[in-house]
Amino acid sequence: MPSQPIEPSPQLSPPHVQRMHQILLWPLRLMPLGDAPGAPRRPWELLPKGAEAGPWRELIDEYTGDPASFHERHYQEFVTFLPYVQRFLYGDGRSPGRPLDGRSEAGMKVFRRRDLARLRVCPRPGAAPLTLDVVHVDLYFFFDVDVVLLNVEVSATDLELRQAQELLYRLGRAYPSGWDAQGLPLHSLASAEWLDAQGRVLSASDALEREHYIAHVQEHRAPCIAEHWAFVLRPLVVDHSNEPGALRFRQIEYYRMPMMAYLALDEPLALSRSDMVSLGLVTGPQGKPGSQQLPFAEQHLHDFESKYCYDRFWGDAGAAPNTRYLCSGHSLVVIGRADSVFFSCRDRGVLAHFRHQHFMIFLIAHFQKASLLMFSDRLVEALRRLNVQDAENVRRFKRAIRSSFEGFLRFSHRYWFHEVAEQAQSRALFRMCANHLELPVLYAEVKERITDMSAYLETDSIRRQANTVVRLTVVTIVGLVGTITTGFLGMNLLAEAEAPLSERLLYFALVLGVTIALTVYTMVKSKRLSDFLDVLSDERMSAWNKWRAFAAVWRSGPD
């Protein structure tokens with residue numbers, strides 16, 4: 001249960017971060033491939049292969065690779081989740097003699113690049129640069145959903161608390177939010193460089209090029225992704241750019257990437273409430289070192305502990321004492337004692353849980369949100385392109401809506417979960433993520449919009465069928481008059497049964513032409529004829545009004 005605010009003891013010095021892991025998870029929308037928007041595709045198949053292969057390689061994970069690489073931490077990750085979530089994350093179980101086909105695959109494909117070894121950053125102008133170890137850089141693709149997630153995990157040791165707060169606040173930003181009077185970027189890193197294993201710079205940030213960002217927005221009406229992030233994603237390229245590429249993406253959420261962090265502190269109890277709020281809401285350090293200044297007004301933070309803190313292990317007892325989880329939806333931060341063996345254990349402890357179970361919980365929540373936003377965007381785009389005066393455009397609109405409806409059904413039955421685990425901690429963390437991200441509300445809203453669109457198409461189809469039936473009925477009534485008249489007692493107006501074949505064929509052609517012309521003309525006038533038949537059958541109408549309705553059939557001009 002959430003606890004009351006815990007203030008540090010006066011004698012405790014500011015805490016020191018012995019080890020930090022930071023995980024960035026950036027959801028992006030993949031643009032549809034081909035002529036059928038939203039049709040099920042496998043976009044990862046467009047990644048370069050063979051001699052032209054780029055940096056991305058499909059990850060053969062511990063479940064499908066060498067059995068020697070499957071450890072206890074992977075087993076614990078698997079058994080944490082409920083069976084339907086296991087099928088999404090890891091695929092169907094394999095049985096002896098059962099062939100392995102595409103239907104038994106996991107719901108996602110993971111690709112990893114291994115050329116990035118370190119990330120050298122400078123949080124603020126004039127500050128000493130920090131070099132972070134790159135644990136891994138992955139791309140997560142999903143079957144039947146046009147969403148991709150970039151996952152970057154970095155680690156560092158021996159940091160001051162303010163340095164860790166700066167990294168959490170500034171590292172995961174896709175582009176600068178603005179610049180100060182000196183032209184320095186606001187809120188983002190002053191500089192960032194990706195390094196290879198030999199220490200060579202592979203790519204650097206361009207946050208100081210203010211005019212480039214401004215010109216891009218003016219030209220494309222879309223933000224420009226910072227160069228060091230664009231480098232990581234290639235060959236995926238921004239859709240609103242002149243850069244060539246088959247795999248194109250658009251930003252789907254805020255420019256701050258969702259973030260997870262693991263902080264092993266020498267003394268967690270030395271954290272002030274201001275520090276807790278800064279870490280939980282990722283606001284960066286407040287004031288001077290040792291300051292107790294809160295980032296927001298006290299009345300805004302009165303429920304911080306009950307709303308954002310999971311304090312089941314925030315005590316002196318247990319295998320990992322003084323462990324606290326801070327979840328705001330956008331972020332999930334765990335803090336604890338560095339000298340606790342269980343807290344720092346990468347195989348069975350909190351660190352293992354953070355990098356496996358809790359990461360998957362965070363990924364599922366943000367994948368669900370990104371998918372729902374993607375479906376909403378597709379509906380808006382289909383409506384924006386609709387032109388009811390163009391029959392072909394209307395057909396494309398119907399195909400797009402039906403494709404969205406089918407895709408949403410697949411998402412709902414394969415990827416949408418209210419619960420992912422029965423284990424108390426995992427269940428609580430997923431609920432906190434889902435509630436802060438407002439996933440149930442967003443799902444209901446998108447479902448209602450797609451249902452409304454589908455209902456509109458169905459109603460429109462029924463209307464068209466009804467109009468067709470009306471027209472056919474009118475044509476039948478008109479034809480019935482002539483059929484009965486000419487067929488009465490088998491009467492023939494022209495007795496040409498014994499006439500030469502050529503004469504009979506001539507009569508046949510003439511009658512056929514007249515019949516076709518009369519049918520076509522009747523179809524043209526079927527709307528007015530239908531109105532006339534309605535008036536004619538109405539006993540309340542006078543003979544004069546019925547005559548006027550008949551005359552209106554032949555009147556020129558619009559109905």
# chains A, B, ... in the order shown; residues from 1 in each chain; ligands from 1
>>> closest_atom_pairs(of="region 358-444 of chain A", to="region 68-90 of chain A", cutoff="10 Å", atoms="only C-alpha atoms", output="JSON lines")
{"residue": "A:His358", "atom": "CA", "partner": "A:Glu77", "partner_atom": "CA", "distance": 8.8}
{"residue": "A:Phe359", "atom": "CA", "partner": "A:Glu77", "partner_atom": "CA", "distance": 9.9}
{"residue": "A:Met360", "atom": "CA", "partner": "A:Leu89", "partner_atom": "CA", "distance": 8.5}
{"residue": "A:Ile361", "atom": "CA", "partner": "A:Phe81", "partner_atom": "CA", "distance": 9.2}
{"residue": "A:Ile364", "atom": "CA", "partner": "A:Leu89", "partner_atom": "CA", "distance": 9.3}
{"residue": "A:His413", "atom": "CA", "partner": "A:Tyr84", "partner_atom": "CA", "distance": 9.9}
{"residue": "A:Arg414", "atom": "CA", "partner": "A:Phe88", "partner_atom": "CA", "distance": 6.9}
{"residue": "A:Tyr415", "atom": "CA", "partner": "A:Phe88", "partner_atom": "CA", "distance": 7.0}
{"residue": "A:Trp416", "atom": "CA", "partner": "A:Val85", "partner_atom": "CA", "distance": 9.4}
{"residue": "A:Phe417", "atom": "CA", "partner": "A:Val85", "partner_atom": "CA", "distance": 7.9}
{"residue": "A:Glu419", "atom": "CA", "partner": "A:Leu82", "partner_atom": "CA", "distance": 8.2}
{"residue": "A:Val420", "atom": "CA", "partner": "A:Phe81", "partner_atom": "CA", "distance": 5.7}
{"residue": "A:Ala421", "atom": "CA", "partner": "A:Phe81", "partner_atom": "CA", "distance": 4.6}
{"residue": "A:Glu422", "atom": "CA", "partner": "A:Leu82", "partner_atom": "CA", "distance": 7.1}
{"residue": "A:Gln423", "atom": "CA", "partner": "A:Thr80", "partner_atom": "CA", "distance": 6.7}
{"residue": "A:Ser426", "atom": "CA", "partner": "A:Thr80", "partner_atom": "CA", "distance": 7.7}
{"residue": "A:Arg427", "atom": "CA", "partner": "A:Phe81", "partner_atom": "CA", "distance": 9.4}
>>> write_last_selection(atoms="N, CA and C atoms", output="PDB file, in the first residue's frame")
ATOM      1  N   HIS A 358       9.284  -6.509 -15.955  1.00  0.00           N
ATOM      2  CA  HIS A 358       8.753  -5.152 -15.897  1.00  0.00           C
ATOM      3  C   HIS A 358       8.928  -4.428 -17.227  1.00  0.00           C
ATOM      4  N   PHE A 359       9.990  -4.734 -17.941  1.00  0.00           N
ATOM      5  CA  PHE A 359      10.148  -4.147 -19.273  1.00  0.00           C
ATOM      6  C   PHE A 359       9.024  -4.611 -20.197  1.00  0.00           C
ATOM      7  N   MET A 360       8.678  -5.893 -20.165  1.00  0.00           N
ATOM      8  CA  MET A 360       7.607  -6.399 -21.008  1.00  0.00           C
ATOM      9  C   MET A 360       6.267  -5.785 -20.626  1.00  0.00           C
ATOM     10  N   ILE A 361       6.039  -5.578 -19.347  1.00  0.00           N
ATOM     11  CA  ILE A 361       4.808  -4.920 -18.900  1.00  0.00           C
ATOM     12  C   ILE A 361       4.737  -3.506 -19.465  1.00  0.00           C
ATOM     13  N   ILE A 364       4.110  -3.664 -23.304  1.00  0.00           N
ATOM     14  CA  ILE A 364       2.735  -3.992 -23.673  1.00  0.00           C
ATOM     15  C   ILE A 364       1.848  -2.758 -23.536  1.00  0.00           C
ATOM     16  N   HIS A 413      -8.362  -9.000 -30.300  1.00  0.00           N
ATOM     17  CA  HIS A 413      -8.355 -10.405 -29.885  1.00  0.00           C
ATOM     18  C   HIS A 413      -6.953 -10.952 -29.671  1.00  0.00           C
ATOM     19  N   ARG A 414      -5.933 -10.251 -30.157  1.00  0.00           N
ATOM     20  CA  ARG A 414      -4.579 -10.773 -30.013  1.00  0.00           C
ATOM     21  C   ARG A 414      -3.728  -9.964 -29.038  1.00  0.00           C
ATOM     22  N   TYR A 415      -3.970  -8.665 -28.976  1.00  0.00           N
ATOM     23  CA  TYR A 415      -3.041  -7.798 -28.245  1.00  0.00           C
ATOM     24  C   TYR A 415      -3.676  -6.996 -27.110  1.00  0.00           C
ATOM     25  N   TRP A 416      -4.979  -7.029 -26.962  1.00  0.00           N
ATOM     26  CA  TRP A 416      -5.614  -6.187 -25.950  1.00  0.00           C
ATOM     27  C   TRP A 416      -5.900  -7.011 -24.703  1.00  0.00           C
ATOM     28  N   PHE A 417      -5.318  -6.601 -23.577  1.00  0.00           N
ATOM     29  CA  PHE A 417      -5.482  -7.313 -22.312  1.00  0.00           C
ATOM     30  C   PHE A 417      -5.839  -6.311 -21.212  1.00  0.00           C
ATOM     31  N   GLU A 419      -5.623  -7.612 -18.017  1.00  0.00           N
ATOM     32  CA  GLU A 419      -4.684  -8.123 -17.024  1.00  0.00           C
ATOM     33  C   GLU A 419      -3.611  -8.918 -17.759  1.00  0.00           C
ATOM     34  N   VAL A 420      -2.375  -8.816 -17.299  1.00  0.00           N
ATOM     35  CA  VAL A 420      -1.289  -9.560 -17.931  1.00  0.00           C
ATOM     36  C   VAL A 420      -0.686 -10.598 -17.006  1.00  0.00           C
ATOM     37  N   ALA A 421      -0.926 -10.469 -15.699  1.00  0.00           N
ATOM     38  CA  ALA A 421      -0.300 -11.388 -14.741  1.00  0.00           C
ATOM     39  C   ALA A 421      -1.165 -11.481 -13.499  1.00  0.00           C
ATOM     40  N   GLU A 422      -0.994 -12.597 -12.783  1.00  0.00           N
ATOM     41  CA  GLU A 422      -1.655 -12.762 -11.488  1.00  0.00           C
ATOM     42  C   GLU A 422      -0.727 -12.433 -10.338  1.00  0.00           C
ATOM     43  N   GLN A 423       0.570 -12.414 -10.602  1.00  0.00           N
ATOM     44  CA  GLN A 423       1.534 -12.054  -9.558  1.00  0.00           C
ATOM     45  C   GLN A 423       1.263 -10.607  -9.129  1.00  0.00           C
ATOM     46  N   SER A 426       3.474  -7.510 -10.468  1.00  0.00           N
ATOM     47  CA  SER A 426       3.334  -7.304 -11.914  1.00  0.00           C
ATOM     48  C   SER A 426       1.941  -6.803 -12.267  1.00  0.00           C
ATOM     49  N   ARG A 427       0.929  -7.360 -11.615  1.00  0.00           N
ATOM     50  CA  ARG A 427      -0.438  -6.910 -11.886  1.00  0.00           C
ATOM     51  C   ARG A 427      -0.620  -5.452 -11.493  1.00  0.00           C
TER      52      ARG A 427
END
>>> select_by_dssp(residues="region 104-295 of chain A", states="strand (DSSP E or B)", output="count of residues only")
66
>>> closest_residue(among="A:Ala215, A:Leu186, A:Leu294, A:Met108", to="Arg273 (chain A)", atoms="only C-alpha atoms")
A:Leu294
>>> closest_residue(among="A:Phe405, A:Phe342, A:Phe375, A:Phe362", to="Ala434 (chain A)", atoms="only C-alpha atoms")
A:Phe362
>>> closest_residue(among="A:Arg114, A:His21, A:Arg402, A:Arg504", to="Leu332 (chain A)", atoms="only C-alpha atoms")
A:His21
>>> residues_around(residues="Val137 (chain A)", least_positions_apart="5", cutoff="7 Å", atoms="only C-alpha atoms", output="list in words")
Arg112, Arg113, Asn151, Val152 and Glu153 of chain A
>>> select_by_dssp(residues="region 318-456 of chain A", states="helix (DSSP H, G or I)", output="number ranges by chain")
A: 341-344, 350-355, 357-384, 391-415, 424-437, 439-456
>>> closest_residue(among="A:Leu269, A:Arg162, A:Arg250, A:Trp314", to="Val282 (chain A)", atoms="only C-alpha atoms")
A:Arg162
>>> closest_residue(among="A:Val350, A:Met453, A:Leu386, A:Leu59", to="Gln425 (chain A)", atoms="only C-alpha atoms")
A:Val350
>>> residues_around(residues="Ala320 (chain A)", least_positions_apart="4", cutoff="10 Å", atoms="only C-alpha atoms", output="list in words")
Phe313, Trp314, Gly315, Asp316, Arg324, Gly336, Arg337, Ala338, Asp339, Ser340, Val341, Phe342, Phe343, Ser344, Gly349 and Val350 of chain A
>>> write_last_selection(atoms="N, CA and C atoms", output="PDB file, in the first residue's frame")
ATOM      1  N   PHE A 313       7.497  -2.755  -1.026  1.00  0.00           N
ATOM      2  CA  PHE A 313       8.820  -3.121  -0.486  1.00  0.00           C
ATOM      3  C   PHE A 313       9.572  -1.911   0.064  1.00  0.00           C
ATOM      4  N   TRP A 314       8.855  -0.822   0.325  1.00  0.00           N
ATOM      5  CA  TRP A 314       9.478   0.380   0.852  1.00  0.00           C
ATOM      6  C   TRP A 314       9.542   0.288   2.375  1.00  0.00           C
ATOM      7  N   GLY A 315      10.434  -0.583   2.828  1.00  0.00           N
ATOM      8  CA  GLY A 315      10.614  -0.792   4.256  1.00  0.00           C
ATOM      9  C   GLY A 315      11.980  -1.386   4.534  1.00  0.00           C
ATOM     10  N   ASP A 316      12.283  -1.613   5.799  1.00  0.00           N
ATOM     11  CA  ASP A 316      13.613  -2.108   6.170  1.00  0.00           C
ATOM     12  C   ASP A 316      13.727  -3.617   6.113  1.00  0.00           C
ATOM     13  N   ARG A 324      11.540   1.055  -3.879  1.00  0.00           N
ATOM     14  CA  ARG A 324      10.321   1.777  -4.239  1.00  0.00           C
ATOM     15  C   ARG A 324      10.188   1.853  -5.756  1.00  0.00           C
ATOM     16  N   GLY A 336      16.532   1.521  -5.091  1.00  0.00           N
ATOM     17  CA  GLY A 336      16.804   0.603  -3.993  1.00  0.00           C
ATOM     18  C   GLY A 336      18.242   0.687  -3.537  1.00  0.00           C
ATOM     19  N   ARG A 337      18.593  -0.190  -2.609  1.00  0.00           N
ATOM     20  CA  ARG A 337      19.914  -0.181  -2.004  1.00  0.00           C
ATOM     21  C   ARG A 337      20.916  -0.937  -2.872  1.00  0.00           C
ATOM     22  N   ALA A 338      22.019  -0.278  -3.176  1.00  0.00           N
ATOM     23  CA  ALA A 338      23.053  -0.907  -3.991  1.00  0.00           C
ATOM     24  C   ALA A 338      23.730  -2.062  -3.258  1.00  0.00           C
ATOM     25  N   ASP A 339      23.774  -2.020  -1.918  1.00  0.00           N
ATOM     26  CA  ASP A 339      24.448  -3.075  -1.169  1.00  0.00           C
ATOM     27  C   ASP A 339      23.537  -4.278  -0.922  1.00  0.00           C
ATOM     28  N   SER A 340      22.309  -4.245  -1.434  1.00  0.00           N
ATOM     29  CA  SER A 340      21.408  -5.390  -1.329  1.00  0.00           C
ATOM     30  C   SER A 340      21.706  -6.358  -2.470  1.00  0.00           C
ATOM     31  N   VAL A 341      22.089  -7.582  -2.119  1.00  0.00           N
ATOM     32  CA  VAL A 341      22.445  -8.564  -3.141  1.00  0.00           C
ATOM     33  C   VAL A 341      21.251  -8.848  -4.048  1.00  0.00           C
ATOM     34  N   PHE A 342      20.066  -8.959  -3.475  1.00  0.00           N
ATOM     35  CA  PHE A 342      18.899  -9.283  -4.272  1.00  0.00           C
ATOM     36  C   PHE A 342      18.526  -8.120  -5.193  1.00  0.00           C
ATOM     37  N   PHE A 343      18.678  -6.891  -4.736  1.00  0.00           N
ATOM     38  CA  PHE A 343      18.336  -5.747  -5.569  1.00  0.00           C
ATOM     39  C   PHE A 343      19.247  -5.662  -6.795  1.00  0.00           C
ATOM     40  N   SER A 344      20.497  -6.018  -6.659  1.00  0.00           N
ATOM     41  CA  SER A 344      21.475  -5.877  -7.744  1.00  0.00           C
ATOM     42  C   SER A 344      21.674  -7.145  -8.560  1.00  0.00           C
ATOM     43  N   GLY A 349      17.180 -11.247  -9.092  1.00  0.00           N
ATOM     44  CA  GLY A 349      16.779 -10.125  -8.257  1.00  0.00           C
ATOM     45  C   GLY A 349      15.996  -9.046  -8.984  1.00  0.00           C
ATOM     46  N   VAL A 350      15.980  -7.868  -8.347  1.00  0.00           N
ATOM     47  CA  VAL A 350      15.199  -6.744  -8.862  1.00  0.00           C
ATOM     48  C   VAL A 350      15.711  -6.294 -10.225  1.00  0.00           C
TER      49      VAL A 350
END
>>> closest_residue(among="A:Gly91, A:Pro440, A:Pro48, A:Pro43", to="Arg29 (chain A)", atoms="only C-alpha atoms")
A:Pro43
>>> atom_distance(atom1="CA of Trp56 (chain A)", atom2="CA of Gly329 (chain A)")
29.0 Å
>>> residues_around(residues="Ser376 (chain A)", least_positions_apart="3", cutoff="10 Å", atoms="only C-alpha atoms", output="ChimeraX atom specification")
/A:370-373,379-381,404,442,445-447,449-450
>>> residues_around(residues="Ile335 (chain A)", least_positions_apart="5", cutoff="9 Å", atoms="only C-alpha atoms", output="list in words")
Ala261, Tyr262, Leu263, Ala264, Leu265, Pro268, Asn322, Thr323, Arg324, Tyr325 and Leu326 of chain A
>>> residues_around(residues="Leu247 (chain A)", least_positions_apart="2", cutoff="10 Å", atoms="only C-alpha atoms", output="list in words")
Leu30, Met31, Pro32, Leu33, Pro43, Trp44, Glu45, Leu46, Leu47, Arg234, Pro235, Leu236, Val237, Val238, Asp239, Pro244, Gly245 and Phe249 of chain A
>>> write_last_selection(atoms="N, CA and C atoms", output="compact mmCIF listing (two decimals), in the first residue's frame")
# COMPACT_ATOMS: atom_id res chain seq x y z
N LEU A 30 4.24 3.08 -38.42
CA LEU A 30 4.73 2.72 -39.75
C LEU A 30 3.67 3.07 -40.78
N MET A 31 4.09 3.70 -41.85
CA MET A 31 3.14 4.04 -42.90
C MET A 31 2.80 2.80 -43.73
N PRO A 32 1.54 2.67 -44.17
CA PRO A 32 1.12 1.47 -44.90
C PRO A 32 1.94 1.25 -46.17
N LEU A 33 2.09 -0.01 -46.52
CA LEU A 33 2.83 -0.38 -47.73
C LEU A 33 1.83 -0.76 -48.82
N PRO A 43 6.52 -5.61 -42.61
CA PRO A 43 7.44 -4.53 -43.01
C PRO A 43 8.90 -4.87 -42.77
N TRP A 44 9.18 -5.74 -41.78
CA TRP A 44 10.58 -6.07 -41.51
C TRP A 44 11.24 -6.79 -42.68
N GLU A 45 10.43 -7.35 -43.58
CA GLU A 45 11.00 -8.00 -44.75
C GLU A 45 11.64 -7.01 -45.71
N LEU A 46 11.34 -5.71 -45.54
CA LEU A 46 11.95 -4.69 -46.38
C LEU A 46 13.30 -4.23 -45.86
N LEU A 47 13.70 -4.69 -44.68
CA LEU A 47 15.05 -4.37 -44.20
C LEU A 47 16.08 -5.02 -45.11
N ARG A 234 17.66 4.40 -39.17
CA ARG A 234 17.83 4.06 -40.59
C ARG A 234 18.06 2.57 -40.78
N PRO A 235 17.48 1.94 -41.83
CA PRO A 235 16.87 2.56 -43.02
C PRO A 235 15.44 3.03 -42.88
N LEU A 236 14.84 3.00 -41.68
CA LEU A 236 13.56 3.65 -41.48
C LEU A 236 13.76 5.16 -41.56
N VAL A 237 12.90 5.83 -42.29
CA VAL A 237 13.05 7.28 -42.48
C VAL A 237 11.73 7.96 -42.16
N VAL A 238 11.81 9.25 -41.83
CA VAL A 238 10.63 10.03 -41.52
C VAL A 238 9.78 10.19 -42.78
N ASP A 239 8.47 9.98 -42.63
CA ASP A 239 7.58 10.07 -43.79
C ASP A 239 7.56 11.49 -44.36
N PRO A 244 14.96 9.25 -49.17
CA PRO A 244 14.34 8.06 -49.77
C PRO A 244 14.35 6.89 -48.80
N GLY A 245 13.35 6.03 -48.93
CA GLY A 245 13.28 4.84 -48.09
C GLY A 245 11.90 4.20 -48.18
N PHE A 249 8.07 6.21 -41.34
CA PHE A 249 7.37 6.28 -40.06
C PHE A 249 6.95 7.71 -39.76
>>> decode(residues="region 121-137 of chain A", atoms="N, CA and C atoms", output="mmCIF file, in the first residue's frame")
data_model
loop_
_atom_site.group_PDB
_atom_site.id
_atom_site.type_symbol
_atom_site.label_atom_id
_atom_site.label_comp_id
_atom_site.auth_asym_id
_atom_site.auth_seq_id
_atom_site.Cartn_x
_atom_site.Cartn_y
_atom_site.Cartn_z
ATOM 1 N N VAL A 121 27.482 11.811 -23.907
ATOM 2 C CA VAL A 121 26.505 12.898 -23.821
ATOM 3 C C VAL A 121 27.055 14.023 -22.956
ATOM 4 N N CYS A 122 26.532 15.200 -23.230
ATOM 5 C CA CYS A 122 26.787 16.380 -22.393
ATOM 6 C C CYS A 122 25.419 16.954 -22.040
ATOM 7 N N PRO A 123 24.943 16.764 -20.808
ATOM 8 C CA PRO A 123 23.582 17.191 -20.476
ATOM 9 C C PRO A 123 23.354 18.689 -20.628
ATOM 10 N N ARG A 124 24.304 19.505 -20.174
ATOM 11 C CA ARG A 124 24.166 20.957 -20.238
ATOM 12 C C ARG A 124 25.411 21.566 -20.866
ATOM 13 N N PRO A 125 25.288 22.717 -21.499
ATOM 14 C CA PRO A 125 26.479 23.377 -22.045
ATOM 15 C C PRO A 125 27.505 23.641 -20.948
ATOM 16 N N GLY A 126 28.743 23.279 -21.207
ATOM 17 C CA GLY A 126 29.812 23.498 -20.243
ATOM 18 C C GLY A 126 29.989 22.385 -19.241
ATOM 19 N N ALA A 127 29.041 21.435 -19.160
ATOM 20 C CA ALA A 127 29.159 20.329 -18.213
ATOM 21 C C ALA A 127 30.126 19.278 -18.758
ATOM 22 N N ALA A 128 30.713 18.511 -17.828
ATOM 23 C CA ALA A 128 31.634 17.449 -18.243
ATOM 24 C C ALA A 128 30.864 16.358 -18.972
ATOM 25 N N PRO A 129 31.382 15.843 -20.080
ATOM 26 C CA PRO A 129 30.677 14.784 -20.810
ATOM 27 C C PRO A 129 30.634 13.482 -20.015
ATOM 28 N N LEU A 130 29.588 12.712 -20.229
ATOM 29 C CA LEU A 130 29.414 11.411 -19.606
ATOM 30 C C LEU A 130 29.370 10.359 -20.703
ATOM 31 N N THR A 131 30.008 9.236 -20.461
ATOM 32 C CA THR A 131 29.996 8.140 -21.427
ATOM 33 C C THR A 131 29.179 6.986 -20.853
ATOM 34 N N LEU A 132 28.120 6.633 -21.560
ATOM 35 C CA LEU A 132 27.222 5.573 -21.128
ATOM 36 C C LEU A 132 27.474 4.327 -21.971
ATOM 37 N N ASP A 133 27.383 3.167 -21.342
ATOM 38 C CA ASP A 133 27.489 1.899 -22.066
ATOM 39 C C ASP A 133 26.139 1.573 -22.712
ATOM 40 N N VAL A 134 26.183 1.196 -23.983
ATOM 41 C CA VAL A 134 24.961 0.782 -24.690
ATOM 42 C C VAL A 134 24.762 -0.708 -24.453
ATOM 43 N N VAL A 135 23.721 -1.061 -23.742
ATOM 44 C CA VAL A 135 23.428 -2.466 -23.458
ATOM 45 C C VAL A 135 22.858 -3.135 -24.713
ATOM 46 N N HIS A 136 21.854 -2.519 -25.328
ATOM 47 C CA HIS A 136 21.344 -3.000 -26.604
ATOM 48 C C HIS A 136 20.459 -1.939 -27.239
ATOM 49 N N VAL A 137 20.295 -2.068 -28.564
ATOM 50 C CA VAL A 137 19.408 -1.212 -29.354
ATOM 51 C C VAL A 137 18.565 -2.132 -30.218
#
